[in-house]
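Before any comments, here is the structure.
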Amino acid sequence: MQKLERWNYSAHLIEGGCIMGAFHFVSFNAVLPSMVKSLGAPLWVISFMPILMYVGFNLPPIFTAHYIEKLDNYKGMVLMTCVAQRLVYLMAALILFTIPSHYNIIAYSAIALAPFLSGLSGGLSFPAWQLLLKKTVRAEKLSSLLALRHIMAALIGIGAGQIVKSTLNNNPGVNGFAYLHLYAFFIMILSFLVFLLIKEPHEEQIETKATLSFKENLKRFPHIIKHNTNLAYFMWARALLSGLFILSPFMAIHAKEVTQLGDSFLGSLLSWQMAGSLCGNTFAGWVGDKKGSRIIMITSRLAFILLGLWILFAQNPIEFSCIFFLYGFAFFSSQVGSQTMLIEICDGTERASSLAIASLFSMISMIIASIASSILWGAWASINILAIVMIVCLLGSLIATWAIKEPRKAQISKA
């Protein structure tokens, strides 16, 4: 059994590192907002760029949770959606390579739709993937696994930062953007091949599988939240964390305007963000396996608050590089903490539905944050206002996170 666990741990690590590393070639906050802005995209498109992938991922689970709860094995369903999740980036690259240069609306539409449609495809089986992860990796190893996936992705991302810089210098405009999408697709294919190697163990089913319809499953959502206090606090903590998406769409744009540097500066910011990701994931993996995920979530929110205060006064490339380093640390340590916490607090026969509820709540909060970002920037075009609103949201998220009880301690006390 230990050999199988090590095999699956390694496969999950390499697969996740590759696909998340691929996304760094078209980084949702360091590259895409400036990319679509340069093509003349409207303000609301720019403000939605950092969340389109996450909205896509978090929308479908509400419709598939009742079906996933009937499954004994999860890998098959995940495989069914993996192909489309990756192919959309090839399609985006082909569109960008072939459209006439003056069709900017098609170009920025392809760039914006790629992460959304990719997320939508992956989201259909997202709870199944989370349950596959829970089934194939022990809880006390989840933090280190998720952290190592992000660390591998960050190492790819550091290289991606230099490739982004070189590609946009040598191929400015739509052609350069097309190459970045093509690079992302090739690495995604590698991740798919590694995912095929995961071996899902067969287990005797002790729990009675749900046989509810979609509507019946929706009706029991309030009951699930009421009887899982940790899930309720987690939902508020993650919803208020979406305040970071009020600020993040305009961070790189603001940095370019203040420093008067060109698109190639985005590659440097991406490399600094990935360096922060390495530190954040190392911290999250080490602390998470030893102390649990709650402390990681608290630390990441404190880091976001510090970032929001610093950007109020930043004036030079070094400061903005440090801010993107801090963003990488906070964002990716938060990802590890949140993903681990969510998998641990969702248990029993209602796992898929609990995961779907959290995803839906998160998606709604992200959309609200992006709309607020667009309205606030359109009204004042002030990074200070965005930063202050984000800080208020993150303080609320910190309070909600503080209220969560560390699930591992609860399990020990029950034992």
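Ordering of the structure tokens sets the chain letters (A, B, ...), residue numbers begin anew at 1 in every chain, and ligands are numbered from 1 in the order given.
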request  = Pick out the residues sitting within 6 Å of Ser359 in chain A, and hand them over as a list in words; count only C-alpha atoms, and ignore anything fewer than 3 positions along from it in its own chain.
outcome  =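 My reading of the contact set: Asn58, Ala356 and Ser362 of chain A.
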request  = Based on DSSP run over this structure's backbone, return all residues of range 110-340 of chain A in alpha helix (DSSP H), as number ranges by chain.
outcome  = A: 110-123, 126-136, 142-170, 174-195, 214-219, 221-226, 229-241, 244-247, 251-259, 264-291, 294-310, 317-340
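Of the listed residues (A:Leu96, A:Leu133, A:Ala154, A:Phe221), A:Phe221 comes nearest to Leu360 in chain A; the distances count only C-alpha atoms.
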task = Give the answer as one residue: which of A:Val392, A:Val31, A:Ile46, A:Met152 has the shortest atom-to-atom distance to Trp377 in chain A, using only C-alpha atoms?
result = A:Ile46
Considering only C-alpha atoms, tabulate each residue of range 163-232 of chain A that lies at most 8 Å from range 264-285 of chain A along with its nearest interatomic pair and the corresponding distance in Å to one decimal; arrange the rows by chain and ascending residue number and present them as a tab-separated table.
residue	atom	partner	partner_atom	distance
A:Ile163	CA	A:Gly267	CA	7.6
A:Val164	CA	A:Gly267	CA	5.3
A:Lys165	CA	A:Gly267	CA	4.5
A:Ser166	CA	A:Ser264	CA	7.5
A:Leu168	CA	A:Ser264	CA	6.3
A:Asn169	CA	A:Ser264	CA	6.3
task = Within 10 Å of Leu146 in chain A, counting only C-alpha atoms, which residues show up once you throw out same-chain ones fewer than 4 positions away? Write them as a ChimeraX atom specification, please.
result = /A:9,12-13,16-17,141-142,150-151,281,284-285,288,332-333,335-337,339-340
Could those selected residues go to a file with C-alpha atoms, as a CSV table (one decimal), in the first residue's frame?
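Generated output (selection_13.csv):
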chain,number,residue,atom,x,y,z
A,9,TYR,CA,1.7,11.1,-4.5
A,12,HIS,CA,-0.4,14.0,-8.5
A,13,LEU,CA,2.7,16.2,-7.8
A,16,GLY,CA,-0.4,19.4,-10.9
A,17,GLY,CA,3.0,21.1,-11.2
A,141,LYS,CA,0.4,14.5,3.5
A,142,LEU,CA,-2.1,16.8,1.6
A,150,HIS,CA,2.7,24.8,-6.5
A,151,ILE,CA,6.5,24.8,-6.0
A,281,ASN,CA,4.5,27.0,-0.9
A,284,ALA,CA,2.7,26.1,3.5
A,285,GLY,CA,3.9,22.6,2.9
A,288,GLY,CA,0.7,22.5,7.0
A,332,PHE,CA,-0.1,30.4,-3.3
A,333,SER,CA,0.2,29.7,0.5
A,335,GLN,CA,-4.3,28.2,-2.1
A,336,VAL,CA,-2.5,25.3,-0.2
A,337,GLY,CA,-4.2,26.2,3.1
A,339,GLN,CA,-7.6,23.5,-0.6
A,340,THR,CA,-6.3,21.4,2.3
key: Contact residues around range 104-115 of chain A with only C-alpha atoms at 10 Å, ignoring same-chain residues under 3 positions, as a ChimeraX atom specification   = /A:23,26,28,32-33,35-42,45-46,48-57,85-101,118-121,174,177-178,181
Write the residues you've just listed into a file as a CSV table (one decimal), in the first residue's frame, and include N, CA and C atoms for each of them.
chain,number,residue,atom,x,y,z
A,23,PHE,N,-0.2,27.5,-16.8
A,23,PHE,CA,-1.0,28.7,-16.6
A,23,PHE,C,-0.2,29.9,-16.4
A,26,VAL,N,0.4,32.4,-19.2
A,26,VAL,CA,-0.7,33.3,-19.4
A,26,VAL,C,-1.3,33.7,-18.0
A,28,PHE,N,-2.9,34.9,-14.8
A,28,PHE,CA,-4.2,35.6,-14.7
A,28,PHE,C,-4.1,37.0,-14.2
A,32,LEU,N,-2.4,38.5,-18.3
A,32,LEU,CA,-3.7,38.6,-19.0
A,32,LEU,C,-4.3,40.0,-19.0
A,33,PRO,N,-4.4,40.7,-17.8
A,33,PRO,CA,-5.1,42.0,-17.8
A,33,PRO,C,-4.4,43.0,-18.7
A,35,MET,N,-2.5,42.3,-21.2
A,35,MET,CA,-2.7,41.7,-22.5
A,35,MET,C,-3.9,42.2,-23.2
A,36,VAL,N,-5.1,42.0,-22.5
A,36,VAL,CA,-6.4,42.4,-23.1
A,36,VAL,C,-6.5,43.9,-23.2
A,37,LYS,N,-5.9,44.6,-22.2
A,37,LYS,CA,-6.0,46.1,-22.2
A,37,LYS,C,-5.3,46.6,-23.4
A,38,SER,N,-4.1,46.0,-23.8
A,38,SER,CA,-3.4,46.5,-25.0
A,38,SER,C,-4.1,46.3,-26.3
A,39,LEU,N,-5.1,45.4,-26.2
A,39,LEU,CA,-5.9,45.1,-27.4
A,39,LEU,C,-7.2,45.9,-27.4
A,40,GLY,N,-7.4,46.7,-26.4
A,40,GLY,CA,-8.6,47.6,-26.4
A,40,GLY,C,-9.8,47.0,-25.7
A,41,ALA,N,-9.6,46.0,-24.9
A,41,ALA,CA,-10.8,45.4,-24.2
A,41,ALA,C,-11.4,46.4,-23.2
A,42,PRO,N,-12.7,46.3,-23.1
A,42,PRO,CA,-13.4,47.2,-22.1
A,42,PRO,C,-13.0,46.9,-20.7
A,45,VAL,N,-14.0,43.6,-18.9
A,45,VAL,CA,-13.2,42.4,-19.3
A,45,VAL,C,-11.9,42.4,-18.5
A,46,ILE,N,-11.2,43.5,-18.5
A,46,ILE,CA,-9.9,43.6,-17.8
A,46,ILE,C,-10.1,43.2,-16.3
A,48,PHE,N,-12.3,41.3,-15.0
A,48,PHE,CA,-12.7,39.9,-14.8
A,48,PHE,C,-11.5,38.9,-15.1
A,49,MET,N,-10.5,39.3,-15.7
A,49,MET,CA,-9.4,38.4,-16.2
A,49,MET,C,-8.8,37.5,-15.1
A,50,PRO,N,-8.5,38.1,-13.9
A,50,PRO,CA,-7.9,37.2,-12.8
A,50,PRO,C,-8.9,36.1,-12.3
A,51,ILE,N,-10.2,36.2,-12.6
A,51,ILE,CA,-11.1,35.2,-11.9
A,51,ILE,C,-11.8,34.3,-12.9
A,52,LEU,N,-11.6,34.5,-14.2
A,52,LEU,CA,-12.4,33.8,-15.2
A,52,LEU,C,-12.1,32.3,-15.1
A,53,MET,N,-10.9,31.9,-14.8
A,53,MET,CA,-10.6,30.4,-14.6
A,53,MET,C,-11.4,29.9,-13.4
A,54,TYR,N,-11.3,30.7,-12.3
A,54,TYR,CA,-11.9,30.2,-11.1
A,54,TYR,C,-13.4,30.2,-11.1
A,55,VAL,N,-14.0,31.2,-11.8
A,55,VAL,CA,-15.4,31.2,-12.0
A,55,VAL,C,-15.9,29.9,-12.8
A,56,GLY,N,-15.1,29.6,-13.9
A,56,GLY,CA,-15.4,28.4,-14.7
A,56,GLY,C,-15.3,27.2,-13.8
A,57,PHE,N,-14.3,27.1,-12.9
A,57,PHE,CA,-14.2,25.9,-12.1
A,57,PHE,C,-15.3,25.8,-11.1
A,85,GLN,N,-10.5,20.7,-21.3
A,85,GLN,CA,-9.9,21.7,-20.4
A,85,GLN,C,-8.6,22.2,-21.0
A,86,ARG,N,-7.8,21.3,-21.7
A,86,ARG,CA,-6.6,21.7,-22.3
A,86,ARG,C,-6.7,22.2,-23.7
A,87,LEU,N,-7.6,21.6,-24.5
A,87,LEU,CA,-7.7,21.9,-25.9
A,87,LEU,C,-8.1,23.4,-26.2
A,88,VAL,N,-8.8,24.0,-25.2
A,88,VAL,CA,-9.2,25.4,-25.5
A,88,VAL,C,-8.0,26.3,-25.6
A,89,TYR,N,-6.9,26.0,-25.0
A,89,TYR,CA,-5.7,26.8,-25.1
A,89,TYR,C,-5.1,26.7,-26.5
A,90,LEU,N,-5.1,25.5,-27.1
A,90,LEU,CA,-4.7,25.3,-28.5
A,90,LEU,C,-5.6,26.1,-29.4
A,91,MET,N,-6.9,26.0,-29.2
A,91,MET,CA,-7.8,26.8,-30.0
A,91,MET,C,-7.6,28.3,-30.0
A,92,ALA,N,-7.3,28.8,-28.7
A,92,ALA,CA,-7.0,30.2,-28.6
A,92,ALA,C,-5.8,30.6,-29.4
A,93,ALA,N,-4.8,29.8,-29.3
A,93,ALA,CA,-3.5,30.0,-30.0
A,93,ALA,C,-3.7,30.1,-31.5
A,94,LEU,N,-4.5,29.1,-32.0
A,94,LEU,CA,-4.8,29.1,-33.5
A,94,LEU,C,-5.6,30.3,-33.9
A,95,ILE,N,-6.5,30.7,-33.1
A,95,ILE,CA,-7.3,31.9,-33.4
A,95,ILE,C,-6.4,33.1,-33.5
A,96,LEU,N,-5.5,33.3,-32.5
A,96,LEU,CA,-4.6,34.4,-32.4
A,96,LEU,C,-3.6,34.4,-33.6
A,97,PHE,N,-3.2,33.3,-34.0
A,97,PHE,CA,-2.2,33.2,-35.1
A,97,PHE,C,-2.9,33.6,-36.4
A,98,THR,N,-4.2,33.3,-36.6
A,98,THR,CA,-4.8,33.4,-37.9
A,98,THR,C,-5.7,34.6,-38.2
A,99,ILE,N,-6.1,35.3,-37.1
A,99,ILE,CA,-7.0,36.4,-37.3
A,99,ILE,C,-6.2,37.6,-37.9
A,100,PRO,N,-6.9,38.4,-38.7
A,100,PRO,CA,-6.2,39.7,-39.2
A,100,PRO,C,-5.9,40.6,-38.0
A,101,SER,N,-4.9,41.4,-38.2
A,101,SER,CA,-4.3,42.2,-37.1
A,101,SER,C,-5.3,43.2,-36.6
A,118,SER,N,-11.8,26.6,-20.2
A,118,SER,CA,-10.9,25.6,-19.6
A,118,SER,C,-11.4,25.3,-18.1
A,119,GLY,N,-11.7,26.4,-17.4
A,119,GLY,CA,-12.2,26.2,-16.0
A,119,GLY,C,-13.5,25.5,-16.0
A,120,LEU,N,-14.4,25.8,-17.0
A,120,LEU,CA,-15.7,25.2,-17.0
A,120,LEU,C,-15.6,23.7,-17.3
A,121,SER,N,-14.7,23.3,-18.2
A,121,SER,CA,-14.5,21.9,-18.5
A,121,SER,C,-14.0,21.2,-17.2
A,174,VAL,N,-0.4,40.5,-30.9
A,174,VAL,CA,-1.2,39.3,-30.9
A,174,VAL,C,-0.3,38.1,-31.2
A,177,PHE,N,1.2,36.9,-28.0
A,177,PHE,CA,0.2,36.3,-27.1
A,177,PHE,C,-0.2,34.9,-27.6
A,178,ALA,N,-0.2,34.7,-28.9
A,178,ALA,CA,-0.5,33.3,-29.5
A,178,ALA,C,0.6,32.3,-29.0
A,181,HIS,N,0.1,31.1,-25.4
A,181,HIS,CA,-1.0,30.2,-25.3
A,181,HIS,C,-0.5,28.8,-25.8
task = For His24 in chain A, please output as a PyMOL selection string all residues within 8 Å (counting only C-alpha atoms; exclusion window: fewer than 4 positions along the same chain).
result = chain A and resi 20+28+153+156-157+160-161+184+270
Store the residues picked out above in a file with N, CA and C atoms, as a short mmCIF file (atom, residue, chain, number, x, y, z; two decimals), in the first residue's frame.
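And here's out-v9.cif as it stands now:
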data_model
loop_
_atom_site.label_atom_id
_atom_site.label_comp_id
_atom_site.auth_asym_id
_atom_site.auth_seq_id
_atom_site.Cartn_x
_atom_site.Cartn_y
_atom_site.Cartn_z
N MET A 20 -0.42 23.66 -13.60
CA MET A 20 -0.40 24.99 -12.98
C MET A 20 0.77 25.82 -13.50
N PHE A 28 -2.87 34.93 -14.80
CA PHE A 28 -4.17 35.58 -14.71
C PHE A 28 -4.10 37.01 -14.19
N ALA A 153 5.22 24.23 -10.05
CA ALA A 153 4.61 25.20 -10.96
C ALA A 153 5.36 26.53 -10.92
N ILE A 156 8.52 26.35 -12.92
CA ILE A 156 8.16 26.52 -14.33
C ILE A 156 7.84 27.99 -14.58
N GLY A 157 7.14 28.61 -13.61
CA GLY A 157 6.73 30.00 -13.75
C GLY A 157 7.89 30.97 -13.82
N ALA A 160 8.98 30.69 -17.13
CA ALA A 160 7.93 31.30 -17.97
C ALA A 160 8.06 32.81 -17.99
N GLY A 161 8.43 33.39 -16.85
CA GLY A 161 8.59 34.84 -16.78
C GLY A 161 9.61 35.34 -17.78
N ALA A 184 1.70 27.13 -23.26
CA ALA A 184 0.86 26.63 -22.15
C ALA A 184 0.22 25.29 -22.53
N LEU A 270 6.26 38.73 -13.21
CA LEU A 270 5.85 37.33 -13.11
C LEU A 270 6.94 36.50 -12.43
#
ask   = Which residue out of A:Ser125, A:Thr259, A:Ser334, A:Ser191 has the minimum interatomic distance to Ile295 in chain A when only C-alpha atoms are used?
value =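 Among the listed residues, the smallest separation from Ile295 in chain A belongs to A:Ser334.
Among the candidates A:Cys18, A:Leu59, A:Ile225, A:Leu196, the one nearest to Arg351 in chain A when counting only C-alpha atoms is A:Ile225.
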Would you mind listing what lies within 7 Å of range 240-249 of chain A as a CSV table (one decimal) with C-alpha atoms, in the first residue's frame, with only C-alpha atoms counted and same-chain residues fewer than 5 positions away left out?
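Just written: around-v4.csv:
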chain,number,residue,atom,x,y,z
A,29,ASN,CA,-3.0,38.7,-12.9
A,33,PRO,CA,-5.1,42.0,-17.8
A,46,ILE,CA,-9.9,43.6,-17.8
A,47,SER,CA,-11.4,43.4,-14.2
A,49,MET,CA,-9.4,38.4,-16.2
A,50,PRO,CA,-7.9,37.2,-12.8
A,365,SER,CA,-18.0,36.4,-4.3
A,366,MET,CA,-15.4,36.5,-7.1
A,369,ALA,CA,-15.4,41.5,-6.4
A,370,SER,CA,-14.7,41.8,-10.1
A,372,ALA,CA,-16.8,46.1,-7.7
A,373,SER,CA,-13.3,46.4,-9.1
A,386,LEU,CA,-9.0,49.5,-4.6
A,387,ALA,CA,-6.3,48.7,-2.0
A,390,MET,CA,-9.3,45.0,-0.4
A,393,CYS,CA,-12.4,42.5,2.9
A,394,LEU,CA,-9.2,40.7,4.0
A,396,GLY,CA,-13.2,40.3,7.5
A,397,SER,CA,-11.7,37.1,6.0
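In terms of minimum interatomic distance to Glu257 in chain A, A:Ala314 ranks closest within A:Ala314, A:Leu71, A:Leu79, A:Leu197, counting only C-alpha atoms.
Computed from the coordinates, the CA of Leu342 in chain A to CA of His202 in chain A distance equals 23.6 Å.
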